[in-house]
$ cat final.cif   # mmCIF, C-alpha atoms
data_final
loop_
_atom_site.group_PDB
_atom_site.id
_atom_site.type_symbol
_atom_site.label_atom_id
_atom_site.label_comp_id
_atom_site.auth_asym_id
_atom_site.auth_seq_id
_atom_site.Cartn_x
_atom_site.Cartn_y
_atom_site.Cartn_z
ATOM 1 C CA MET A 1 30.021 30.460 -21.623
ATOM 2 C CA THR A 2 31.135 32.259 -24.743
ATOM 3 C CA LYS A 3 32.515 35.080 -22.651
ATOM 4 C CA THR A 4 35.248 33.035 -20.992
ATOM 5 C CA ASP A 5 35.952 31.126 -24.209
ATOM 6 C CA ASP A 6 36.427 34.355 -26.086
ATOM 7 C CA SER A 7 38.765 35.780 -23.491
ATOM 8 C CA THR A 8 41.078 32.817 -23.503
ATOM 9 C CA THR A 9 41.190 32.203 -27.229
ATOM 10 C CA THR A 10 41.433 35.793 -28.446
ATOM 11 C CA ARG A 11 44.276 36.305 -25.962
ATOM 12 C CA VAL A 12 46.190 33.342 -27.376
ATOM 13 C CA LEU A 13 45.569 34.545 -30.944
ATOM 14 C CA ARG A 14 46.603 38.146 -30.433
ATOM 15 C CA ASP A 15 49.639 39.317 -32.366
ATOM 16 C CA GLU A 16 50.660 42.839 -33.327
ATOM 17 C CA ARG A 17 50.655 41.866 -36.998
ATOM 18 C CA TYR A 18 46.854 41.586 -36.971
ATOM 19 C CA GLY A 19 44.725 44.597 -36.097
ATOM 20 C CA ARG A 20 41.457 45.032 -34.282
ATOM 21 C CA PRO A 21 39.159 43.929 -37.149
ATOM 22 C CA ALA A 22 40.827 40.494 -37.240
ATOM 23 C CA ILE A 23 40.438 40.053 -33.484
ATOM 24 C CA TYR A 24 36.768 41.064 -33.540
ATOM 25 C CA LEU A 25 36.155 38.708 -36.463
ATOM 26 C CA ALA A 26 37.877 35.901 -34.530
ATOM 27 C CA ALA A 27 35.682 36.635 -31.504
ATOM 28 C CA HIS A 28 32.628 36.183 -33.693
ATOM 29 C CA LEU A 29 33.895 32.837 -35.008
ATOM 30 C CA ILE A 30 34.497 31.230 -31.600
ATOM 31 C CA SER A 31 32.617 28.018 -30.958
ATOM 32 C CA MET A 32 33.443 24.924 -28.963
ATOM 33 C CA THR A 33 35.005 23.269 -32.020
ATOM 34 C CA GLY A 34 37.167 26.246 -32.954
ATOM 35 C CA TRP A 35 38.094 26.857 -29.350
ATOM 36 C CA ALA A 36 39.225 23.262 -28.789
ATOM 37 C CA ALA A 37 41.195 23.243 -32.049
ATOM 38 C CA ALA A 38 42.838 26.599 -31.339
ATOM 39 C CA MET A 39 43.760 25.738 -27.756
ATOM 40 C CA ARG A 40 45.309 22.528 -29.026
ATOM 41 C CA ARG A 41 47.250 23.785 -32.034
ATOM 42 C CA CYS A 42 47.915 27.480 -31.491
ATOM 43 C CA PRO A 43 50.301 27.346 -28.509
ATOM 44 C CA GLU A 44 52.688 25.298 -30.705
ATOM 45 C CA LEU A 45 52.476 27.810 -33.572
ATOM 46 C CA PRO A 46 54.468 31.046 -33.828
ATOM 47 C CA GLY A 47 52.388 34.110 -32.940
ATOM 48 C CA THR A 48 51.976 35.310 -36.518
ATOM 49 C CA GLN A 49 50.466 32.008 -37.691
ATOM 50 C CA ARG A 50 47.841 31.619 -34.988
ATOM 51 C CA MET A 51 45.267 34.085 -36.296
ATOM 52 C CA PRO A 52 45.278 32.763 -39.897
ATOM 53 C CA TYR A 53 45.080 29.193 -38.597
ATOM 54 C CA PHE A 54 42.094 29.956 -36.405
ATOM 55 C CA ILE A 55 40.149 32.080 -38.900
ATOM 56 C CA GLY A 56 40.708 29.534 -41.681
ATOM 57 C CA PHE A 57 39.630 26.656 -39.450
ATOM 58 C CA ALA A 58 36.591 28.341 -37.925
ATOM 59 C CA LEU A 59 35.349 29.922 -41.166
ATOM 60 C CA THR A 60 35.514 26.535 -42.910
ATOM 61 C CA CYS A 61 33.518 24.976 -40.070
ATOM 62 C CA VAL A 62 30.849 27.688 -40.219
ATOM 63 C CA LEU A 63 30.477 27.570 -44.017
ATOM 64 C CA VAL A 64 30.279 23.764 -44.120
ATOM 65 C CA SER A 65 27.690 23.736 -41.301
ATOM 66 C CA VAL A 66 25.546 26.383 -42.968
ATOM 67 C CA ALA A 67 25.587 24.406 -46.218
ATOM 68 C CA SER A 68 24.886 21.063 -44.490
ATOM 69 C CA CYS A 69 22.125 22.336 -42.257
ATOM 70 C CA PRO A 70 19.303 22.607 -44.842
ATOM 71 C CA ILE A 71 20.402 19.342 -46.478
ATOM 72 C CA GLY A 72 20.188 17.529 -43.136
ATOM 73 C CA PHE A 73 16.893 19.198 -42.322
ATOM 74 C CA TYR A 74 15.200 17.891 -45.470
ATOM 75 C CA LEU A 75 16.887 14.480 -45.488
ATOM 76 C CA SER A 76 16.431 13.568 -41.828
ATOM 77 C CA SER A 77 12.803 12.452 -42.168
ATOM 78 C CA ALA A 78 13.913 9.898 -44.762
ATOM 79 C CA PHE A 79 16.363 8.254 -42.338
ATOM 80 C CA PRO A 80 15.435 5.257 -40.166
ATOM 81 C CA PRO A 81 15.123 6.164 -36.434
ATOM 82 C CA LEU A 82 18.335 4.401 -35.405
ATOM 83 C CA LEU A 83 20.378 6.300 -37.971
ATOM 84 C CA ARG A 84 18.814 9.560 -36.803
ATOM 85 C CA LEU A 85 19.754 8.628 -33.243
ATOM 86 C CA GLY A 86 23.310 8.113 -34.428
ATOM 87 C CA PHE A 87 23.389 11.569 -35.998
ATOM 88 C CA VAL A 88 22.013 13.187 -32.838
ATOM 89 C CA PHE A 89 24.727 11.396 -30.864
ATOM 90 C CA LEU A 90 27.389 12.783 -33.205
ATOM 91 C CA THR A 91 27.646 16.120 -31.376
ATOM 92 C CA PRO A 92 28.173 14.881 -27.798
ATOM 93 C CA VAL A 93 30.521 12.069 -28.802
ATOM 94 C CA TYR A 94 32.537 14.456 -30.986
ATOM 95 C CA PHE A 95 32.958 16.945 -28.144
ATOM 96 C CA PHE A 96 33.756 14.076 -25.791
ATOM 97 C CA VAL A 97 36.572 12.856 -28.046
ATOM 98 C CA ILE A 98 38.120 16.267 -28.825
ATOM 99 C CA LEU A 99 38.162 17.223 -25.147
ATOM 100 C CA ILE A 100 38.814 14.063 -23.170
ATOM 101 C CA GLY A 101 40.696 12.214 -25.888
ATOM 102 C CA ASP A 102 43.183 14.989 -26.370
ATOM 103 C CA VAL A 103 44.103 16.290 -22.943
ATOM 104 C CA ARG A 104 47.587 17.755 -23.032
ATOM 105 C CA THR A 105 48.033 19.451 -19.661
ATOM 106 C CA ARG A 106 47.327 18.539 -16.073
ATOM 107 C CA LEU A 107 45.367 21.766 -15.722
ATOM 108 C CA ALA A 108 42.993 20.669 -18.501
ATOM 109 C CA ALA A 109 42.691 17.137 -17.091
ATOM 110 C CA VAL A 110 41.815 18.323 -13.586
ATOM 111 C CA ALA A 111 39.378 20.959 -14.881
ATOM 112 C CA LEU A 112 37.632 18.505 -17.214
ATOM 113 C CA ALA A 113 37.255 15.958 -14.407
ATOM 114 C CA CYS A 114 35.809 18.536 -12.004
ATOM 115 C CA GLY A 115 33.443 19.862 -14.659
ATOM 116 C CA ALA A 116 32.323 16.363 -15.624
ATOM 117 C CA LEU A 117 31.373 15.682 -12.002
ATOM 118 C CA ALA A 118 29.817 19.103 -11.446
ATOM 119 C CA GLY A 119 27.792 19.178 -14.682
ATOM 120 C CA PRO A 120 25.128 16.541 -13.917
ATOM 121 C CA LEU A 121 25.117 17.514 -10.219
ATOM 122 C CA PHE A 122 24.337 21.178 -10.828
ATOM 123 C CA HIS A 123 21.866 20.242 -13.540
ATOM 124 C CA LEU A 124 19.846 18.507 -10.822
ATOM 125 C CA VAL A 125 20.072 21.633 -8.667
ATOM 126 C CA SER A 126 19.031 24.011 -11.453
ATOM 127 C CA ALA A 127 18.483 23.104 -15.096
ATOM 128 C CA GLN A 128 18.642 26.800 -16.051
ATOM 129 C CA TRP A 129 21.894 27.714 -14.331
ATOM 130 C CA GLY A 130 23.483 24.262 -14.120
ATOM 131 C CA ILE A 131 26.051 24.751 -16.885
ATOM 132 C CA LEU A 132 27.180 28.137 -15.642
ATOM 133 C CA LEU A 133 27.403 26.944 -12.035
ATOM 134 C CA SER A 134 29.291 23.782 -12.920
ATOM 135 C CA GLY A 135 31.822 25.899 -14.804
ATOM 136 C CA PHE A 136 32.395 28.404 -12.039
ATOM 137 C CA VAL A 137 32.306 26.001 -9.097
ATOM 138 C CA GLY A 138 33.949 23.023 -10.834
ATOM 139 C CA GLY A 139 36.516 25.288 -12.495
ATOM 140 C CA THR A 140 37.418 27.087 -9.290
ATOM 141 C CA ILE A 141 37.831 23.789 -7.418
ATOM 142 C CA ALA A 142 39.981 22.496 -10.288
ATOM 143 C CA TYR A 143 42.106 25.649 -10.201
ATOM 144 C CA LEU A 144 42.703 25.251 -6.457
ATOM 145 C CA ILE A 145 43.527 21.551 -6.852
ATOM 146 C CA GLN A 146 46.076 22.087 -9.623
ATOM 147 C CA ARG A 147 47.686 24.960 -7.710
ATOM 148 C CA ARG A 148 48.074 22.633 -4.766
ATOM 149 C CA LEU A 149 49.557 19.945 -7.015
ATOM 150 C CA ARG A 150 52.057 22.409 -8.426
ATOM 151 C CA GLN A 151 53.320 23.497 -4.996
ATOM 152 C CA PRO A 152 52.908 20.482 -2.695
ATOM 153 C CA HIS A 153 54.484 22.231 0.301
ATOM 154 C CA ALA A 154 52.775 25.595 -0.038
ATOM 155 C CA MET B 23 7.705 37.796 -40.897
ATOM 156 C CA PRO B 24 9.521 41.133 -40.210
ATOM 157 C CA GLU B 25 9.291 40.523 -36.454
ATOM 158 C CA LEU B 26 11.041 37.185 -36.966
ATOM 159 C CA TRP B 27 13.949 38.947 -38.648
ATOM 160 C CA LEU B 28 14.008 41.483 -35.848
ATOM 161 C CA LEU B 29 14.225 38.631 -33.353
ATOM 162 C CA VAL B 30 17.133 37.091 -35.259
ATOM 163 C CA LEU B 31 18.868 40.467 -35.295
ATOM 164 C CA ALA B 32 18.297 40.973 -31.557
ATOM 165 C CA CYS B 33 19.726 37.527 -30.808
ATOM 166 C CA ALA B 34 22.755 38.236 -33.001
ATOM 167 C CA VAL B 35 23.409 41.510 -31.175
ATOM 168 C CA GLY B 36 22.951 39.749 -27.817
ATOM 169 C CA THR B 37 25.528 37.068 -28.536
ATOM 170 C CA TYR B 38 27.982 39.339 -30.279
ATOM 171 C CA LEU B 39 27.953 41.860 -27.459
ATOM 172 C CA TRP B 40 29.603 39.349 -25.115
ATOM 173 C CA ARG B 41 32.042 38.203 -27.763
ATOM 174 C CA GLY B 42 33.020 41.779 -28.560
ATOM 175 C CA LEU B 43 33.392 42.608 -24.882
ATOM 176 C CA GLY B 44 35.679 39.603 -24.507
ATOM 177 C CA VAL B 45 38.241 41.260 -26.791
ATOM 178 C CA PRO B 46 39.108 44.352 -24.666
ATOM 179 C CA LEU B 47 38.749 42.218 -21.548
ATOM 180 C CA SER B 48 41.163 39.562 -22.784
ATOM 181 C CA GLY B 49 43.700 42.239 -23.764
ATOM 182 C CA ARG B 50 44.347 42.820 -20.087
ATOM 183 C CA ILE B 51 45.098 39.197 -19.277
ATOM 184 C CA GLU B 52 48.539 37.604 -19.574
ATOM 185 C CA THR B 53 48.365 34.069 -21.003
ATOM 186 C CA ASP B 54 50.748 32.683 -18.382
ATOM 187 C CA SER B 55 49.131 34.397 -15.408
ATOM 188 C CA GLU B 56 47.158 32.816 -12.564
ATOM 189 C CA LEU B 57 44.010 34.623 -13.693
ATOM 190 C CA PHE B 58 44.328 33.068 -17.142
ATOM 191 C CA ASN B 59 44.773 29.624 -15.549
ATOM 192 C CA TRP B 60 41.586 30.134 -13.576
ATOM 193 C CA ILE B 61 39.654 31.266 -16.676
ATOM 194 C CA ALA B 62 40.932 28.228 -18.580
ATOM 195 C CA CYS B 63 39.793 25.990 -15.695
ATOM 196 C CA VAL B 64 36.311 27.529 -15.716
ATOM 197 C CA ALA B 65 36.037 27.191 -19.503
ATOM 198 C CA TYR B 66 37.152 23.547 -19.469
ATOM 199 C CA ALA B 67 34.866 22.708 -16.541
ATOM 200 C CA MET B 68 31.879 24.383 -18.195
ATOM 201 C CA VAL B 69 32.363 22.492 -21.439
ATOM 202 C CA ALA B 70 32.977 19.183 -19.632
ATOM 203 C CA GLY B 71 29.875 19.784 -17.493
ATOM 204 C CA LEU B 72 27.754 20.434 -20.570
ATOM 205 C CA ILE B 73 28.942 17.306 -22.380
ATOM 206 C CA THR B 74 28.517 14.949 -19.424
ATOM 207 C CA ARG B 75 25.069 16.429 -18.857
ATOM 208 C CA ILE B 76 24.098 15.681 -22.487
ATOM 209 C CA ILE B 77 25.506 12.146 -22.280
ATOM 210 C CA VAL B 78 24.213 11.242 -18.801
ATOM 211 C CA MET B 79 20.893 13.156 -18.819
ATOM 212 C CA PRO B 80 19.948 13.793 -22.441
ATOM 213 C CA THR B 81 16.714 15.367 -23.661
ATOM 214 C CA GLY B 82 14.861 14.714 -26.908
ATOM 215 C CA MET B 83 15.723 11.763 -29.113
ATOM 216 C CA LEU B 84 18.813 10.666 -27.183
ATOM 217 C CA ALA B 85 16.688 10.160 -24.075
ATOM 218 C CA HIS B 86 15.234 7.069 -25.790
ATOM 219 C CA SER B 87 18.613 5.319 -25.778
ATOM 220 C CA LEU B 88 20.014 3.576 -22.710
ATOM 221 C CA LEU B 89 22.599 5.261 -20.477
ATOM 222 C CA MET B 90 24.687 2.076 -20.591
ATOM 223 C CA ASP B 91 24.751 2.202 -24.402
ATOM 224 C CA ARG B 92 25.778 5.847 -24.500
ATOM 225 C CA LEU B 93 28.582 5.250 -22.008
ATOM 226 C CA LEU B 94 29.809 2.190 -23.919
ATOM 227 C CA ALA B 95 29.730 4.192 -27.146
ATOM 228 C CA CYS B 96 31.802 6.991 -25.572
ATOM 229 C CA ALA B 97 34.342 4.497 -24.201
ATOM 230 C CA LEU B 98 34.665 2.826 -27.581
ATOM 231 C CA ALA B 99 35.030 6.210 -29.304
ATOM 232 C CA LEU B 100 37.996 7.017 -27.047
ATOM 233 C CA ILE B 101 39.601 3.615 -27.668
ATOM 234 C CA ALA B 102 39.102 3.937 -31.439
ATOM 235 C CA PHE B 103 40.510 7.485 -31.373
ATOM 236 C CA HIS B 104 43.722 6.402 -29.654
ATOM 237 C CA ALA B 105 44.031 3.123 -31.578
ATOM 238 C CA SER B 106 43.908 5.064 -34.841
ATOM 239 C CA ARG B 107 46.653 7.460 -33.752
ATOM 240 C CA ARG B 108 44.227 10.232 -32.860
ATOM 241 C CA ASN B 109 42.080 10.065 -35.955
ATOM 242 C CA LEU B 110 38.928 12.060 -35.143
ATOM 243 C CA PHE B 111 36.890 10.502 -37.937
ATOM 244 C CA VAL B 112 37.623 6.951 -36.734
ATOM 245 C CA GLY B 113 36.991 7.842 -33.081
ATOM 246 C CA VAL B 114 33.712 9.705 -33.570
ATOM 247 C CA GLY B 115 32.498 7.256 -36.247
ATOM 248 C CA GLY B 116 33.270 4.332 -33.940
ATOM 249 C CA GLY B 117 31.243 5.902 -31.148
ATOM 250 C CA VAL B 118 28.225 6.621 -33.339
ATOM 251 C CA LEU B 119 28.364 3.152 -34.902
ATOM 252 C CA THR B 120 28.508 1.539 -31.444
ATOM 253 C CA LEU B 121 25.344 3.340 -30.344
ATOM 254 C CA ILE B 122 23.505 2.321 -33.529
ATOM 255 C CA VAL B 123 24.635 -1.328 -33.295
ATOM 256 C CA LEU B 124 23.720 -1.563 -29.602
ATOM 257 C CA GLY B 125 20.305 -0.013 -30.285
ATOM 258 C CA TYR B 126 19.740 -2.455 -33.161
ATOM 259 C CA ALA B 127 20.806 -5.436 -31.045
ATOM 260 C CA ARG B 128 18.378 -4.385 -28.303
ATOM 261 C CA SER B 129 15.525 -4.018 -30.783
ATOM 262 C CA LEU B 130 16.206 -7.583 -31.988
ATOM 263 C CA LEU B 131 16.154 -8.896 -28.428
ATOM 264 C CA GLY B 132 12.851 -7.145 -27.878
#

$ encode --input "final.cif" --output "structure tokens"
Amino acid sequence: MTKTDDSTTTRVLRDERYGRPAIYLAAHLISMTGWAAAMRRCPELPGTQRMPYFIGFALTCVLVSVASCPIGFYLSSAFPPLLRLGFVFLTPVYFFVILIGDVRTRLAAVALACGALAGPLFHLVSAQWGILLSGFVGGTIAYLIQRRLRQPHA
Amino acid sequence: MPELWLLVLACAVGTYLWRGLGVPLSGRIETDSELFNWIACVAYAMVAGLITRIIVMPTGMLAHSLLMDRLLACALALIAFHASRRNLFVGVGGGVLTLIVLGYARSLLG
């Protein structure tokens, strides 16, 4: 999963002003959060501003998570079960909102829909390979669909 | 203890290898090419597949909540997000709060 994410995001970030070390640092900082934020904001930014935007955003996320992690670990047992459930639900609902709530292009909409259908289906086929398969199969179907939509007479 | 650190190091090398390899690989791809479109599709589909899997078929603690409640919470999160002019905090908070309130209401009903 990280492989494809890295390819797309580091390609969008690339600018001759920033050398190899910056790109390799950016590759290390890629996560779903940083990826979604960069794919949303960076295409609107001029090339020279993309790398600083991404590294600042992702580094802040990493540092805040590292600091919060031990605090959450020690506090969680003191929380009532329903509150703990709410915290566990935070991650999926957050990803749900940043992805589905903020679709900008038809390509993204079609790909998200295909992946959403393929995800649970392939999980039933193979829990180990389900995510990878849903990405490749769902993504390829989505790519073919949006190419068809772009050229209706082709 | 030292073998634990070795394991952490091995995992770090394992993940970074793919990230590092992505850099030279991505240098050969044009952002407005068909190949890039396909890669973007695969990435979006993979992420969407993962999230729907977690929401529809969760493991661990989330498995104790009802599917209906999780779906309602997601729907409300989206509505709250758009109603608040795309405020992430309001959207995500609304979704989490919905799940907690629904779980509490069910516990009251028995």

$ atom_distance --input "final.cif" --atom1 "CA of Pro81 in chain A" --atom2 "CA of Val64 in chain A"
24.5 Å

$ resolve_selection --input "final.cif" --expression "the PyMOL selection byres ((chain A and resi 106-122) around 6)" --output "NGL selection string"
(:A and (105 or 123-125 or 130 or 134 or 138-139 or 142)) or (:B and (63 or 66-68 or 70-71 or 74-75))

$ residues_around --input "final.cif" --residues "range 103-117 of chain B" --least-positions-apart "5" --cutoff "10 Å" --atoms "all atoms listed in the file" --output "number ranges by chain"
A: 86, 89-98, 101-102; B: 92-98, 122

$ closest_residue --input "final.cif" --among "A:Val88, A:Arg150, A:Phe79, A:Cys61" --to "chain B" --atoms "all atoms listed in the file"
A:Val88

$ closest_residue --input "final.cif" --among "B:Ser55, B:Arg41, B:Val123, B:Leu130" --to "chain A" --atoms "only C-alpha atoms"
B:Arg41

$ resolve_selection --input "final.cif" --expression "the PyMOL selection byres ((chain A and resi 28) around 12)" --output "JSON, numbers by chain"
{"A": [2, 3, 5, 6, 7, 9, 10, 21, 22, 23, 24, 25, 26, 27, 29, 30, 31, 34, 35, 54, 55, 58, 59, 62], "B": [34, 35, 36, 37, 38, 39, 40, 41, 42, 43, 44, 45]}
